[in-house]
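Down below is the structure, laid out as structure tokens.
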Amino acid sequence: MRLDILFVADVRFEGGTSTALAVEIRAAARTGIKTGLLAVKGPLLRHPYPMHPDLRALLDGGATERIDPDTKVDADLVLVHHPAIMSNRFTRRTGIRTERLIMVLHHPMVDRRGKLQYDLARIVSNCHWAYGVKVWLAPVSAVVRDALPRRLPAGAELLPENWTNLIDLDDWPRRPDGPPHNPAVIGRHARPDKLKWPSRAADALRIYPADAARYSIRILGGGPFLSELYGPLPANWEILPFAWAGIPGFLQGLDFYVYYHNDSWSEAFGRTILEALAVGLVTILPAHFQPLFGDAAVYAAPRDVERVIGKFIADAEAYARQSALAREFVARHHSAELFPQRLERLFNISKPRDAAAVRASMIQPLPIRQVLFASSNGIGMGHLAQQMAVAQRLPRGLKPVFATMSYAMKIATDEGYHAHFLTHHRGIDAAPEDWNDVLAEELFDLISHLRPAVFAYDATAVFDGVVAALAMDPNLFSIWVRRPMWRESHRLFLEMADAFDAVIEPGELAGEFDHGPTSEVRDKALLVPPVLLLEPSQRLDRAAARNFLEIPDGMTVVALQLGSGSNFDMRGVRNGVLKALLDRPDTLVLDIRSPIRADFESDEPVGQRHRIVELFPSFRYSRAFDAAVVAPGYNTFHENILGAVPTLFVPNESDEMDLQLNRARWAELGGLGLLMRRDHDLPHVDRFIEQLLDPSEREGMAARCDAIPWTNGADVIANYIEDHARIVRTDWDITKDS
């Protein structure tokens with residue numbers, strides 16, 4: 001493959017590095033320059049961040065091409081964004097060849113207190129090993145340039161001009177004309193990091209005054225750390241979580257952009273400042289930013305900020321002049337339209353071809369990559385069903401293979417997936433220590449044979465054999481998908497998180513009722529929306545579902561689904577519910593049995609209106625149901641709530657299970673379902689069934705469920721797997737691997 005530019009970056013960066021990269025990719029695409037993007041997992045980020053949404057949108061839209069490390073690429077220019085991603089050597093060889101390599105230095109080599117931020121000589125050496133050419137260093141600002149040593153490492157040269165951040169002005173409409181509001185709106189936007197804030201509380205209160213009559217303070221990128229820094233926060237501070245989207249709208253609602261940071265922090269450039277200037281905000285900064293932004297901003301010590309703001313509030317013409325200066329500065333020095341000129345001036349890259357034709361020529365199939373989905377046995381089918389939800393959303397080029405301890409493995413093979421059965425030690429009465437040794441060997445053999453790009457493990461329990469197998473191949477990217485609502489007895493598994501590269505936690509509608517062990521470590525996991533195998537819109541319509549199930553006209557259909565019964569005897573509940581339902585002459589019961597139930601002995605219906613069926617996935621036919629009585633396992637609970645099926649929840653309260661009772665309580669208190677407990681409420685089953693089948697009760701439950709907003713977390717997990725199936729790793733030092 002021939003490219004004009006290959007961009008190399010850690011695509012998970014949240015802030016200015018990714019935003020600046022996205023602008024360059026977009027500007028190149030508009031010019032007709034053919035580019036690709038190679039993703040690197042660098043050592044700087046430990047949290048399992050997803051790809052920056054701007055970069056994913058560019059890949060999905062065809063502005064650039066995703067590059068697999070094995071793809072043979074000849075690039076006129078390789079642009080590596082951020083030095084930290086080359087702190088270690090690539091852990092695998094790539095097929096990249098180039099004559100020119102630019103390392104864009106997005107961060108100073110030393111901070112304001114002289115502390116070393118990265119080893120430039122090591123980075124240059126690692127670049128040389130990866131690409132075999134001289135490394136041109138491209139500082140993003142004078143701040144970064146001035147922090148470089150006078151004598152550069154061997155094999156490195158300094159570009160004659162700075163690689164300044166660029167911005168698409170069309171994406172940043174001007175603030176509406178007019179004077180500041182009353183009270184004046186002061187704001188800032190930055191990653192939620194203590195270093196992005198003033199060191200002293202007194203300075204913070206001078207910069208962002210607590211006088212609610214005169215000032216409204218809006219902070220995008222705040223969090224609990226602010227209270228840790230400064231104590232109780234002023235009432236006029238509006239704290240908003242960090243976000244990628246909606247920034248232009250946030251800035252347009254401000255009058256003043258005021259940004260000061262920790263004394264030890266060296267801001268390499270200040271991407272968020274550039275965005276504020278592009279909108280035309282009067283921007284107030286500490287004096288050390290003046291070499292970067294000149295007369296586009298106003299500079300003041302913290303004690304003088306309020307006085308400066310007061311001057312602009314009192315003089316509308318001065319405010320308008322400063323606003324115009326800000327916008328003009330960005331247009332003159334930082335417009336994305338300058339990127340092609342930079343490429344031509346520095347590298348003689350100038351190809352004004354038809355951009356659409358270039359994009360069309362870039363579409364090439366990526367190498368096939370295997371994804372190994374492994375899961376524990378579970379009591380139900382939830383882990384395997386959740387993995388299938390992700391697998392069916394993977395793009396072409398990623399091939400799912402399953403290794404599971406679930407006796408429901410057939411549901412995967414029926415869908416055409418390759419599957420391998422792993423025996424659980426309870427199934428063969430084996431000693432756990434011996435079984436774990438065998439499990440490690442079996443998984444390692446699978447990994448060696450399949451050579452998967454990603455290992456995705458879905459379970460609560462993490463077995464020693466899984467950890468041992470992963471340790472044998474540290475270059476394999478591993479994910480632990482770990483659902484919430486844990487019991488305290490499961491806490492010991494939390495320490496296994498370090499065996500995986502990423503922990504992903506699917507969302508829980510009843511999350512506010514989850515105070516289990518995982519709630520304490522959510523800052524170390526990627527949180528995604530609830531996961532469903534089928535989305536509500538993918539179900540058969542009511543007429544088609546009833547026709548498939550051969551439901552007679554006029555019957556009230558109730559689905560009964562109480563789990564496998566493997567660890568919590570539901571026979572009494574089933575018998576009581578059946579009698580209460582069948583005592584009503586217009587009711588038909590679909591008794592949906594688990595394919596992995598404990599008792600496979602033949603079971604006869606108790607009447608003509610009682611049907612015993614195996615139906616997977618039963619949610620596909622749920623529009624045929626007028627109501628349901630189910631155990632609130634993760635999958636069934638979220639299906640019935642999001643599918644607006646009026647439901648009586650009967651939790652499985654075994655110590656082995658997650659906190660099904662908490663889910664059901666949340667639904668009951670929110671008017672989204674009813675709760676009946678086996679050991680507390682069974683004598684009153686008739687009353688529960690009467691309430692469930694009351695038409696007004698069902699209508700209210702369904703309406704409240706329908707109003708819940710939701711997106712499928714399976715899409716997010718599938719995207720995450722795709723983005724990490726084609727990465728180069730530098731997050732660990734291969735030279736020290738034994």
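Ligands are numbered from 1 in the order shown, residues from 1 within each chain, and chains are lettered A, B, ... in the order they appear in the structure tokens.
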Find the residues around Ala499 in chain A up to 8 Å (only C-alpha atoms counted), leave out those fewer than 3 positions away in its own chain, and share them as a CSV table (one decimal) with C-alpha atoms, in the first residue's frame.
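selection.csv was written with the following content:
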```csv
chain,number,residue,atom,x,y,z
A,467,VAL,CA,-4.3,-15.7,34.4
A,470,LEU,CA,-2.4,-14.8,29.5
A,471,ALA,CA,0.9,-14.5,31.2
A,496,MET,CA,-7.3,-10.3,39.1
```
For this session: Using DSSP on the backbone coordinates, identify the residues of range 145-389 of chain A assigned to strand (DSSP E); present them as a VMD selection string.
Result: chain A and resid 156 to 158 184 to 189 215 to 220 237 to 240 256 to 258 282 to 285 298 to 299 369 to 375
Neighbouring residues of Gly253 in chain A were defined as those with any atom within 8 Å, considering only C-alpha atoms; residues of the same chain fewer than 3 positions away were excluded. Please report them as a CSV table (one decimal) with N, CA and C atoms, in the first residue's frame.
```csv
chain,number,residue,atom,x,y,z
A,175,ARG,N,-19.0,33.5,19.0
A,175,ARG,CA,-20.0,33.8,20.1
A,175,ARG,C,-20.9,34.9,19.6
A,185,VAL,N,-20.6,35.5,32.6
A,185,VAL,CA,-20.3,34.0,32.6
A,185,VAL,C,-18.9,33.7,32.4
A,249,GLY,N,-20.8,24.7,21.7
A,249,GLY,CA,-22.0,25.2,22.3
A,249,GLY,C,-21.7,25.7,23.7
A,250,PHE,N,-20.9,24.9,24.5
A,250,PHE,CA,-20.5,25.4,25.8
A,250,PHE,C,-19.8,26.7,25.8
```
Exercise. Quick one: of A:Ser618, A:Thr31, A:Ser323, A:Ser266, who's nearest to Ala147 in chain A, counting only C-alpha atoms?
Worked result: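 Once distances to Ala147 in chain A are computed over only C-alpha atoms, the minimum belongs to A:Ser266.
Every protein or nucleic acid residue with an atom no more than 12 Å from Val521 in chain A, counting only C-alpha atoms and leaving out same-chain residues fewer than 6 positions away, appears here: His47, Arg482, Pro484, Arg491, Leu494, Glu495, Ala497, Val503, Ile504, Glu505, His515 and Leu527 of chain A.
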Give the alpha helix (DSSP H) residues of range 388-611 of chain A, as assigned by DSSP on the backbone, as a tab-separated table (two decimals) with N, CA and C atoms, in the first residue's frame.
```tsv
chain	number	residue	atom	x	y	z
A	388	MET	N	-22.07	-13.20	22.57
A	388	MET	CA	-22.64	-13.30	21.23
A	388	MET	C	-23.16	-11.94	20.77
A	389	ALA	N	-23.69	-11.15	21.71
A	389	ALA	CA	-24.15	-9.80	21.35
A	389	ALA	C	-23.01	-8.98	20.78
A	390	VAL	N	-21.83	-9.13	21.37
A	390	VAL	CA	-20.65	-8.40	20.89
A	390	VAL	C	-20.15	-9.00	19.59
A	391	ALA	N	-20.06	-10.33	19.55
A	391	ALA	CA	-19.49	-11.01	18.38
A	391	ALA	C	-20.25	-10.67	17.10
A	410	LYS	N	-24.17	-24.77	22.50
A	410	LYS	CA	-24.85	-25.03	21.24
A	410	LYS	C	-25.46	-23.77	20.65
A	411	ILE	N	-25.83	-22.79	21.48
A	411	ILE	CA	-26.43	-21.57	20.92
A	411	ILE	C	-25.40	-20.81	20.08
A	412	ALA	N	-24.12	-20.98	20.41
A	412	ALA	CA	-23.07	-20.35	19.60
A	412	ALA	C	-22.83	-21.13	18.31
A	413	THR	N	-22.77	-22.44	18.41
A	413	THR	CA	-22.53	-23.24	17.21
A	413	THR	C	-23.71	-23.16	16.25
A	414	ASP	N	-24.93	-23.03	16.80
A	414	ASP	CA	-26.11	-22.90	15.94
A	414	ASP	C	-26.05	-21.62	15.11
A	425	HIS	N	-14.26	-27.51	36.82
A	425	HIS	CA	-13.78	-28.54	37.75
A	425	HIS	C	-14.93	-29.21	38.50
A	426	ARG	N	-16.05	-28.49	38.71
A	426	ARG	CA	-17.18	-29.13	39.39
A	426	ARG	C	-17.81	-30.21	38.53
A	427	GLY	N	-17.74	-30.01	37.21
A	427	GLY	CA	-18.36	-30.98	36.32
A	427	GLY	C	-17.66	-32.32	36.30
A	428	ILE	N	-16.39	-32.34	36.67
A	428	ILE	CA	-15.63	-33.61	36.66
A	428	ILE	C	-15.06	-33.93	38.04
A	432	PRO	N	-9.31	-28.17	42.29
A	432	PRO	CA	-9.15	-26.89	41.60
A	432	PRO	C	-7.71	-26.61	41.17
A	433	GLU	N	-6.72	-26.97	41.99
A	433	GLU	CA	-5.33	-26.68	41.64
A	433	GLU	C	-4.93	-27.44	40.37
A	434	ASP	N	-5.25	-28.73	40.32
A	434	ASP	CA	-4.91	-29.52	39.14
A	434	ASP	C	-5.69	-29.03	37.92
A	435	TRP	N	-6.96	-28.74	38.15
A	435	TRP	CA	-7.81	-28.28	37.04
A	435	TRP	C	-7.29	-26.97	36.45
A	436	ASN	N	-6.84	-26.05	37.30
A	436	ASN	CA	-6.31	-24.78	36.80
A	436	ASN	C	-5.07	-24.99	35.94
A	437	ASP	N	-4.22	-25.95	36.32
A	437	ASP	CA	-3.05	-26.24	35.49
A	437	ASP	C	-3.47	-26.72	34.10
A	438	VAL	N	-4.47	-27.59	34.08
A	438	VAL	CA	-4.95	-28.10	32.79
A	438	VAL	C	-5.62	-26.99	31.99
A	439	LEU	N	-6.41	-26.15	32.69
A	439	LEU	CA	-7.08	-25.03	32.01
A	439	LEU	C	-6.06	-24.11	31.36
A	440	ALA	N	-4.98	-23.80	32.07
A	440	ALA	CA	-3.94	-22.93	31.51
A	440	ALA	C	-3.34	-23.54	30.25
A	441	GLU	N	-3.06	-24.83	30.29
A	441	GLU	CA	-2.49	-25.49	29.12
A	441	GLU	C	-3.47	-25.50	27.95
A	442	GLU	N	-4.75	-25.77	28.26
A	442	GLU	CA	-5.76	-25.85	27.21
A	442	GLU	C	-5.95	-24.48	26.55
A	443	LEU	N	-6.03	-23.43	27.36
A	443	LEU	CA	-6.19	-22.08	26.81
A	443	LEU	C	-4.94	-21.66	26.03
A	444	PHE	N	-3.77	-21.99	26.56
A	444	PHE	CA	-2.54	-21.62	25.85
A	444	PHE	C	-2.45	-22.33	24.51
A	445	ASP	N	-2.88	-23.59	24.47
A	445	ASP	CA	-2.89	-24.32	23.19
A	445	ASP	C	-3.83	-23.64	22.20
A	446	LEU	N	-4.99	-23.21	22.68
A	446	LEU	CA	-5.94	-22.51	21.81
A	446	LEU	C	-5.35	-21.20	21.30
A	447	ILE	N	-4.73	-20.46	22.21
A	447	ILE	CA	-4.13	-19.17	21.84
A	447	ILE	C	-3.00	-19.38	20.83
A	448	SER	N	-2.19	-20.39	21.06
A	448	SER	CA	-1.08	-20.68	20.15
A	448	SER	C	-1.58	-21.09	18.77
A	449	HIS	N	-2.69	-21.83	18.75
A	449	HIS	CA	-3.24	-22.30	17.48
A	449	HIS	C	-3.95	-21.17	16.73
A	450	LEU	N	-4.79	-20.42	17.45
A	450	LEU	CA	-5.62	-19.40	16.79
A	450	LEU	C	-4.86	-18.10	16.56
A	464	ASP	N	-7.24	-19.00	38.13
A	464	ASP	CA	-5.78	-18.94	38.03
A	464	ASP	C	-5.29	-19.46	36.69
A	465	GLY	N	-6.01	-20.43	36.12
A	465	GLY	CA	-5.61	-20.97	34.83
A	465	GLY	C	-5.71	-19.95	33.71
A	466	VAL	N	-6.71	-19.07	33.79
A	466	VAL	CA	-6.85	-18.00	32.80
A	466	VAL	C	-5.69	-17.03	32.92
A	467	VAL	N	-5.39	-16.64	34.15
A	467	VAL	CA	-4.28	-15.70	34.39
A	467	VAL	C	-2.96	-16.29	33.90
A	468	ALA	N	-2.74	-17.56	34.18
A	468	ALA	CA	-1.48	-18.21	33.77
A	468	ALA	C	-1.36	-18.26	32.26
A	469	ALA	N	-2.46	-18.54	31.56
A	469	ALA	CA	-2.42	-18.60	30.10
A	469	ALA	C	-2.10	-17.24	29.51
A	470	LEU	N	-2.70	-16.18	30.05
A	470	LEU	CA	-2.45	-14.83	29.54
A	470	LEU	C	-1.00	-14.42	29.78
A	471	ALA	N	-0.44	-14.83	30.91
A	471	ALA	CA	0.94	-14.46	31.23
A	471	ALA	C	1.93	-15.07	30.24
A	542	ARG	N	-45.99	-7.86	17.06
A	542	ARG	CA	-46.90	-8.67	17.89
A	542	ARG	C	-47.61	-9.74	17.06
A	543	ALA	N	-48.12	-9.34	15.89
A	543	ALA	CA	-48.87	-10.30	15.07
A	543	ALA	C	-47.97	-11.45	14.61
A	544	ALA	N	-46.76	-11.12	14.15
A	544	ALA	CA	-45.85	-12.16	13.67
A	544	ALA	C	-45.41	-13.08	14.80
A	545	ALA	N	-45.13	-12.50	15.97
A	545	ALA	CA	-44.69	-13.31	17.11
A	545	ALA	C	-45.80	-14.25	17.57
A	546	ARG	N	-47.03	-13.74	17.63
A	546	ARG	CA	-48.16	-14.58	18.04
A	546	ARG	C	-48.46	-15.66	17.01
A	547	ASN	N	-48.28	-15.32	15.76
A	547	ASN	CA	-48.47	-16.31	14.72
A	547	ASN	C	-47.43	-17.43	14.82
A	548	PHE	N	-46.15	-17.04	15.06
A	548	PHE	CA	-45.09	-18.04	15.21
A	548	PHE	C	-45.37	-18.95	16.40
A	549	LEU	N	-45.86	-18.38	17.49
A	549	LEU	CA	-46.10	-19.15	18.71
A	549	LEU	C	-47.47	-19.82	18.71
A	571	ARG	N	-39.22	-24.46	42.14
A	571	ARG	CA	-40.37	-25.29	41.81
A	571	ARG	C	-41.63	-24.81	42.52
A	572	GLY	N	-41.51	-24.42	43.78
A	572	GLY	CA	-42.67	-23.93	44.51
A	572	GLY	C	-43.24	-22.66	43.89
A	573	VAL	N	-42.34	-21.75	43.46
A	573	VAL	CA	-42.77	-20.52	42.81
A	573	VAL	C	-43.47	-20.84	41.49
A	574	ARG	N	-42.86	-21.75	40.72
A	574	ARG	CA	-43.45	-22.09	39.43
A	574	ARG	C	-44.85	-22.67	39.60
A	575	ASN	N	-45.00	-23.58	40.56
A	575	ASN	CA	-46.30	-24.21	40.77
A	575	ASN	C	-47.34	-23.19	41.22
A	576	GLY	N	-46.93	-22.30	42.13
A	576	GLY	CA	-47.88	-21.30	42.64
A	576	GLY	C	-48.29	-20.31	41.57
A	577	VAL	N	-47.31	-19.86	40.78
A	577	VAL	CA	-47.61	-18.90	39.72
A	577	VAL	C	-48.50	-19.56	38.66
A	578	LEU	N	-48.17	-20.80	38.30
A	578	LEU	CA	-48.97	-21.51	37.29
A	578	LEU	C	-50.43	-21.62	37.73
A	579	LYS	N	-50.65	-22.01	38.98
A	579	LYS	CA	-52.03	-22.16	39.44
A	579	LYS	C	-52.77	-20.83	39.40
A	580	ALA	N	-52.10	-19.76	39.87
A	580	ALA	CA	-52.76	-18.45	39.90
A	580	ALA	C	-53.08	-17.96	38.49
A	581	LEU	N	-52.21	-18.25	37.55
A	581	LEU	CA	-52.44	-17.81	36.17
A	581	LEU	C	-53.52	-18.64	35.50
A	582	LEU	N	-53.46	-19.94	35.68
A	582	LEU	CA	-54.40	-20.81	34.97
A	582	LEU	C	-55.79	-20.80	35.58
```
Exercise. Which residues come within 9 Å of range 723-727 of chain A, counting only C-alpha atoms, excluding same-chain residues fewer than 4 positions away, as a PyMOL selection string?
Worked result: chain A and resi 11+38-41+50-51+56+66-70+369-371+398+452-454+477+718-719
Exercise. In Å, with one decimal, what is the gap from CA of Asp255 in chain A to CA of Ala268 in chain A?
Worked result: 25.0 Å
Exercise. Any idea what the distance is between CA of Pro683 in chain A and CA of Leu562 in chain A?
Worked result: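 Between these atoms lies a distance of 17.7 Å.
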For this session: Please provide as a ChimeraX atom specification all residues within 10 Å of Trp237 in chain A, with the sequence filter that same-chain residues fewer than 6 positions apart are discarded (counting only C-alpha atoms).
Result: /A:186-187,208-212,215-219
Once you have the residues from the selection above, write them out as an mmCIF file, in the first residue's frame, restricted to N, CA and C atoms.
```cif
data_model
loop_
_atom_site.group_PDB
_atom_site.id
_atom_site.type_symbol
_atom_site.label_atom_id
_atom_site.label_comp_id
_atom_site.auth_asym_id
_atom_site.auth_seq_id
_atom_site.Cartn_x
_atom_site.Cartn_y
_atom_site.Cartn_z
ATOM 1 N N ILE A 186 -18.178 33.203 33.343
ATOM 2 C CA ILE A 186 -16.756 32.858 33.250
ATOM 3 C C ILE A 186 -16.653 31.337 33.168
ATOM 4 N N GLY A 187 -15.852 30.831 32.239
ATOM 5 C CA GLY A 187 -15.767 29.385 32.098
ATOM 6 C C GLY A 187 -14.386 28.888 31.762
ATOM 7 N N TYR A 208 -11.763 32.545 39.723
ATOM 8 C CA TYR A 208 -13.166 32.171 39.520
ATOM 9 C C TYR A 208 -13.955 32.626 40.745
ATOM 10 N N PRO A 209 -14.302 33.923 40.817
ATOM 11 C CA PRO A 209 -14.843 34.522 42.048
ATOM 12 C C PRO A 209 -16.164 33.892 42.482
ATOM 13 N N ALA A 210 -16.368 33.872 43.804
ATOM 14 C CA ALA A 210 -17.563 33.261 44.393
ATOM 15 C C ALA A 210 -18.736 34.222 44.498
ATOM 16 N N ASP A 211 -18.622 35.407 43.944
ATOM 17 C CA ASP A 211 -19.668 36.428 44.022
ATOM 18 C C ASP A 211 -20.787 36.083 43.025
ATOM 19 N N ALA A 212 -21.845 35.410 43.501
ATOM 20 C CA ALA A 212 -22.908 34.933 42.622
ATOM 21 C C ALA A 212 -23.702 36.073 41.998
ATOM 22 N N TYR A 215 -21.027 37.046 39.064
ATOM 23 C CA TYR A 215 -20.382 36.057 38.193
ATOM 24 C C TYR A 215 -21.073 34.686 38.269
ATOM 25 N N SER A 216 -21.199 34.065 37.116
ATOM 26 C CA SER A 216 -21.607 32.661 37.020
ATOM 27 C C SER A 216 -20.407 31.893 36.471
ATOM 28 N N ILE A 217 -19.954 30.882 37.199
ATOM 29 C CA ILE A 217 -18.753 30.130 36.819
ATOM 30 C C ILE A 217 -19.173 28.773 36.256
ATOM 31 N N ARG A 218 -18.758 28.478 35.023
ATOM 32 C CA ARG A 218 -19.096 27.199 34.388
ATOM 33 C C ARG A 218 -17.808 26.433 34.098
ATOM 34 N N ILE A 219 -17.723 25.233 34.661
ATOM 35 C CA ILE A 219 -16.497 24.432 34.587
ATOM 36 C C ILE A 219 -16.815 23.123 33.886
#
```
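Taking only C-alpha atoms, the non-local environment of range 126-129 of chain A within 7 Å (same-chain residues fewer than 6 positions away omitted) comprises A:Met86, A:Asn88, A:Arg89.
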Selection from above, C-alpha atoms, as a compact mmCIF listing (two decimals), in the first residue's frame, can you write it?
```
# COMPACT_ATOMS: atom_id res chain seq x y z
CA MET A 86 7.67 5.65 21.67
CA ASN A 88 9.36 1.67 24.58
CA ARG A 89 10.08 -0.28 21.43
```
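Nearest residue to Pro400 in chain A, choosing from A:Phe421, A:Phe256, A:Phe225, A:Phe455 and counting only C-alpha atoms: A:Phe455.
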Exercise. Using only C-alpha atoms, which residue out of A:Ser199, A:Gln364, A:Ser376, A:Ser335 lies closest to Asp171 in chain A?
Worked result: A:Ser335
For this session: Rank nothing, just name the residue among A:Ala154, A:Ile123, A:Leu285, A:Ala9 nearest to His82 in chain A, using only C-alpha atoms.
Result: A:Ala9
